[in-house]
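Down below is the structure, laid out as structure tokens.
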There are 2 protein chains.
Amino acid sequence: MTQNIYDDPMFFANYGRLPRSLAGLDAAPEWPTLRALLPPIAGLDIVDLGCGYGWFCRWARAQGARRVVGIDVSHKMLERARATTTDPRILYLRADLERLALAAGRFDLAYSSLALHYVEDLAGVFASLAAALVAGGRLVFSVEHPIFTAPSHPGWSLARDGGKTWPIDNYLSEGLRRTDWLAEGVIKYHRTVATYVNLLIEQGFVLSRIVEWGPTDAQVAATPSLADERERPPFLIVAAGNDQRLIAAP
Amino acid sequence: MTQNIYDDPMFFANYGRLPRSLAGLDAAPEWPTLRALLPPIAGLDIVDLGCGYGWFCRWARAQGARRVVGIDVSHKMLERARATTTDPRILYLRADLERLALAAGRFDLAYSSLALHYVEDLAGVFASLAAALVAGGRLVFSVEHPIFTAPSHPGWSLARDGGKTWPIDNYLSEGLRRTDWLAEGVIKYHRTVATYVNLLIEQGFVLSRIVEWGPTDAQVAATPSLADERERPPFLIVAAGNDQRLIAAP
């Protein structure tokens, strides 16, 4: 069962102060990359795993999505999400992502932003999604990059030449990582890039593209502190189809 | 054009002293993983890119391969390879891997062990292989892992707790890396895991499995120094098919 850290008062308060919480998708520097991997949204039935405040759900409806289901384990996030919309075609549901009970062949697109690294049983989630997607359906998600989640003591070090390095250990030791981010004792699960890819393939998905995300030159010019993220990618973004006809990269 | 470092006298002499040079495939700890990703060898036409001393070519023939072509840029490696066999069904050819001229639909399997990170134009190599493989053909290769090739100063550091870490920087800065390994000024090309995967997909390959290689418990018990390799994988191993019917993992 997934830890519900977002309902921790300290975590929730701190999370609410992040730029992406206050200003939504456009405040997330990886959003243009994620967006570019999405199929045309108009007319699609979409499920958003770990919908949080519902920024993506509302964006998808504004793009003409037919129906959007946002799922989150956090009561507080869903309460906020529900307060932001009266759109009858957005449905917010509370569920543990590891205990999804989605109807078969119900969705054209499954989307998830920075949620699946909180999930222990990722094979189970991918199996649920493979069944819940229509033939030709797509899955696009981001997670914290395995290089980011691996270390036993994550953080930057100063290199000999004054540059920053990100010391890795434990990369091949998959499993629970306990970190202090916004609150103490946040539990996430480290897995390798290979495991993300192979679990998808084992569930019948065909990989169409992966991105180890880093900022563009323009983003670094606008926000110089983002330059560090080029030393090691903070996010892994994956696009896959559940149908062999869809192997062409988007 | 690929650097021909293997014909450097210092490099060649030092390379010849490595366990895998002296004892062949079984002295390479990643070989069991590579082997498990290969299709049944009997009856196949195989090309080995960066064949070196020809250990794999001879193994494949012993497994019943119909014909094996070993390609390498190094005169000295090929001279040694040719001296080890009189098998008329093994053909050793000298070529720059970036200037391959393989006949279309000629091979069932393309194999490459720790050679493609020396290649600058990897998209070109994958395009050549996509054309040279029969429908249903497979590509299995290993390279130095991007975590291994990324750093501007590759090497272990001691962590606060006494453990070893592998400091990363420059992960997202793809391109030339000049290192001193067996000789000075060895040139290799760093690219991300995503680039290896996406270049394959762009050339029409379907990914069937990737492995970020680390030693097994038994290997660490036999060779304790291998334990470090679990902190960060030294090798990336990829298996792909050039045909959509082949997406099932081997």
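Residue numbers start at 1 in each chain; chains themselves are named A, B, ... in the order of the structure tokens; ligands are numbered from 1 in the order shown.
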
**Item:** Contacts of segment 197-201 of chain A at 9 Å (only C-alpha atoms; same-chain gap of 4+ positions) as a list in words
**Value:** Leu122, Ala123, Phe126, Ala127, Ala130, Thr192, Val193, Phe205, Val206, Leu207, Ile210, Val238 and Ala240 of chain A; Leu207, Ser208, Arg209, Ile210, Val211, Ile247, Ala248 and Ala249 of chain B

**Asked** Can you tell me, as a VMD selection string, what residues are no more than 7 Å from Gly52 of chain B when counting only C-alpha atoms, ignoring any on the same chain fewer than 3 positions away?
**Response** chain B and resid 72 77 to 78 81

**Prompt:** Which chain A residues are at most 6 Å from chain B (counting only C-alpha atoms), as an NGL selection string?
**Reply:** :A and (165-172 or 194 or 198 or 209-211 or 230-232)

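In terms of minimum interatomic distance to Arg82 of chain A, A:Cys57 ranks closest within A:Leu182, A:Ala95, A:Ala101, A:Cys57, counting only C-alpha atoms.
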
**Message:** as a ChimeraX atom specification, please: every residue in segment 51-153 of chain A that DSSP puts in alpha helix (DSSP H).
**Reply:** /A:55-62,75-83,122-132,146-149

**Request:** Go through segment 70-122 of chain B and collect every residue that DSSP, computed from the backbone, puts in strand (DSSP E or B); the answer should be as a list in words.
**Result:** Gly70, Ile71, Asp72, Ile90, Leu91, Tyr92, Leu93, Arg94, Phe107, Asp108, Leu109, Ala110, Tyr111, Ser112 and Ser113 of chain B

Written selection (N, CA, C and O atoms) as a PDB file, in the first residue's frame:
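Listed below is the output, again_23.pdb:
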ATOM      1  N   GLY B  70      32.956 -11.495 -38.669  1.00  0.00           N
ATOM      2  CA  GLY B  70      33.497 -10.663 -37.596  1.00  0.00           C
ATOM      3  C   GLY B  70      34.141  -9.425 -38.187  1.00  0.00           C
ATOM      4  O   GLY B  70      34.961  -9.534 -39.095  1.00  0.00           O
ATOM      5  N   ILE B  71      33.751  -8.279 -37.683  1.00  0.00           N
ATOM      6  CA  ILE B  71      34.254  -7.010 -38.234  1.00  0.00           C
ATOM      7  C   ILE B  71      34.985  -6.245 -37.138  1.00  0.00           C
ATOM      8  O   ILE B  71      34.496  -6.145 -36.002  1.00  0.00           O
ATOM      9  N   ASP B  72      36.128  -5.724 -37.483  1.00  0.00           N
ATOM     10  CA  ASP B  72      36.881  -4.917 -36.534  1.00  0.00           C
ATOM     11  C   ASP B  72      37.723  -3.909 -37.305  1.00  0.00           C
ATOM     12  O   ASP B  72      38.066  -4.137 -38.466  1.00  0.00           O
ATOM     13  N   ILE B  90      33.858 -18.747 -40.897  1.00  0.00           N
ATOM     14  CA  ILE B  90      34.078 -17.497 -40.175  1.00  0.00           C
ATOM     15  C   ILE B  90      34.876 -16.581 -41.079  1.00  0.00           C
ATOM     16  O   ILE B  90      35.938 -16.955 -41.576  1.00  0.00           O
ATOM     17  N   LEU B  91      34.349 -15.410 -41.312  1.00  0.00           N
ATOM     18  CA  LEU B  91      35.021 -14.437 -42.171  1.00  0.00           C
ATOM     19  C   LEU B  91      35.348 -13.207 -41.334  1.00  0.00           C
ATOM     20  O   LEU B  91      34.455 -12.596 -40.742  1.00  0.00           O
ATOM     21  N   TYR B  92      36.627 -12.881 -41.259  1.00  0.00           N
ATOM     22  CA  TYR B  92      37.020 -11.679 -40.531  1.00  0.00           C
ATOM     23  C   TYR B  92      37.283 -10.556 -41.519  1.00  0.00           C
ATOM     24  O   TYR B  92      38.069 -10.722 -42.470  1.00  0.00           O
ATOM     25  N   LEU B  93      36.645  -9.427 -41.293  1.00  0.00           N
ATOM     26  CA  LEU B  93      36.764  -8.289 -42.207  1.00  0.00           C
ATOM     27  C   LEU B  93      37.214  -7.055 -41.448  1.00  0.00           C
ATOM     28  O   LEU B  93      36.732  -6.792 -40.343  1.00  0.00           O
ATOM     29  N   ARG B  94      38.087  -6.309 -42.079  1.00  0.00           N
ATOM     30  CA  ARG B  94      38.473  -5.039 -41.469  1.00  0.00           C
ATOM     31  C   ARG B  94      37.573  -3.929 -41.989  1.00  0.00           C
ATOM     32  O   ARG B  94      37.428  -3.741 -43.203  1.00  0.00           O
ATOM     33  N   PHE B 107      21.686 -10.929 -42.588  1.00  0.00           N
ATOM     34  CA  PHE B 107      21.995 -11.527 -41.282  1.00  0.00           C
ATOM     35  C   PHE B 107      20.739 -11.745 -40.439  1.00  0.00           C
ATOM     36  O   PHE B 107      19.778 -10.987 -40.505  1.00  0.00           O
ATOM     37  N   ASP B 108      20.811 -12.801 -39.625  1.00  0.00           N
ATOM     38  CA  ASP B 108      19.733 -13.077 -38.675  1.00  0.00           C
ATOM     39  C   ASP B 108      19.984 -12.422 -37.328  1.00  0.00           C
ATOM     40  O   ASP B 108      19.053 -12.175 -36.560  1.00  0.00           O
ATOM     41  N   LEU B 109      21.257 -12.214 -37.031  1.00  0.00           N
ATOM     42  CA  LEU B 109      21.624 -11.670 -35.721  1.00  0.00           C
ATOM     43  C   LEU B 109      22.814 -10.744 -35.881  1.00  0.00           C
ATOM     44  O   LEU B 109      23.808 -11.101 -36.514  1.00  0.00           O
ATOM     45  N   ALA B 110      22.686  -9.556 -35.304  1.00  0.00           N
ATOM     46  CA  ALA B 110      23.836  -8.656 -35.178  1.00  0.00           C
ATOM     47  C   ALA B 110      24.201  -8.599 -33.707  1.00  0.00           C
ATOM     48  O   ALA B 110      23.325  -8.428 -32.844  1.00  0.00           O
ATOM     49  N   TYR B 111      25.485  -8.766 -33.440  1.00  0.00           N
ATOM     50  CA  TYR B 111      25.985  -8.828 -32.068  1.00  0.00           C
ATOM     51  C   TYR B 111      27.123  -7.834 -31.942  1.00  0.00           C
ATOM     52  O   TYR B 111      27.897  -7.622 -32.887  1.00  0.00           O
ATOM     53  N   SER B 112      27.232  -7.218 -30.776  1.00  0.00           N
ATOM     54  CA  SER B 112      28.363  -6.322 -30.551  1.00  0.00           C
ATOM     55  C   SER B 112      28.635  -6.231 -29.064  1.00  0.00           C
ATOM     56  O   SER B 112      27.734  -5.963 -28.273  1.00  0.00           O
ATOM     57  N   SER B 113      29.867  -6.495 -28.694  1.00  0.00           N
ATOM     58  CA  SER B 113      30.243  -6.436 -27.279  1.00  0.00           C
ATOM     59  C   SER B 113      31.224  -5.292 -27.052  1.00  0.00           C
ATOM     60  O   SER B 113      32.338  -5.303 -27.575  1.00  0.00           O
TER      61      SER B 113
END

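Put simply, atom CA of Arg20 of chain A is 28.3 Å away from atom CA of Glu174 of chain A.
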
**From B:Ala60, B:Ala13, B:Ala28, B:Leu22, residue lying nearest Gln219 of chain B [only C-alpha atoms]** = B:Ala28

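Relative to atom CA of Phe141 of chain B, atom CA of Trp31 of chain B is found at 10.9 Å.
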
**Prompt:** For the atom pair atom CA of Leu116 of chain A and atom CA of Asp7 of chain A, what is the interatomic distance in Å to one decimal place?
**Reply:** 17.1 Å

**Message:** My list of candidates is A:Ile5, A:Ala65, A:Ala221, A:Ile41. Which is closest to Val186 of chain A when distances are computed with only C-alpha atoms?
**Reply:** A:Ile5
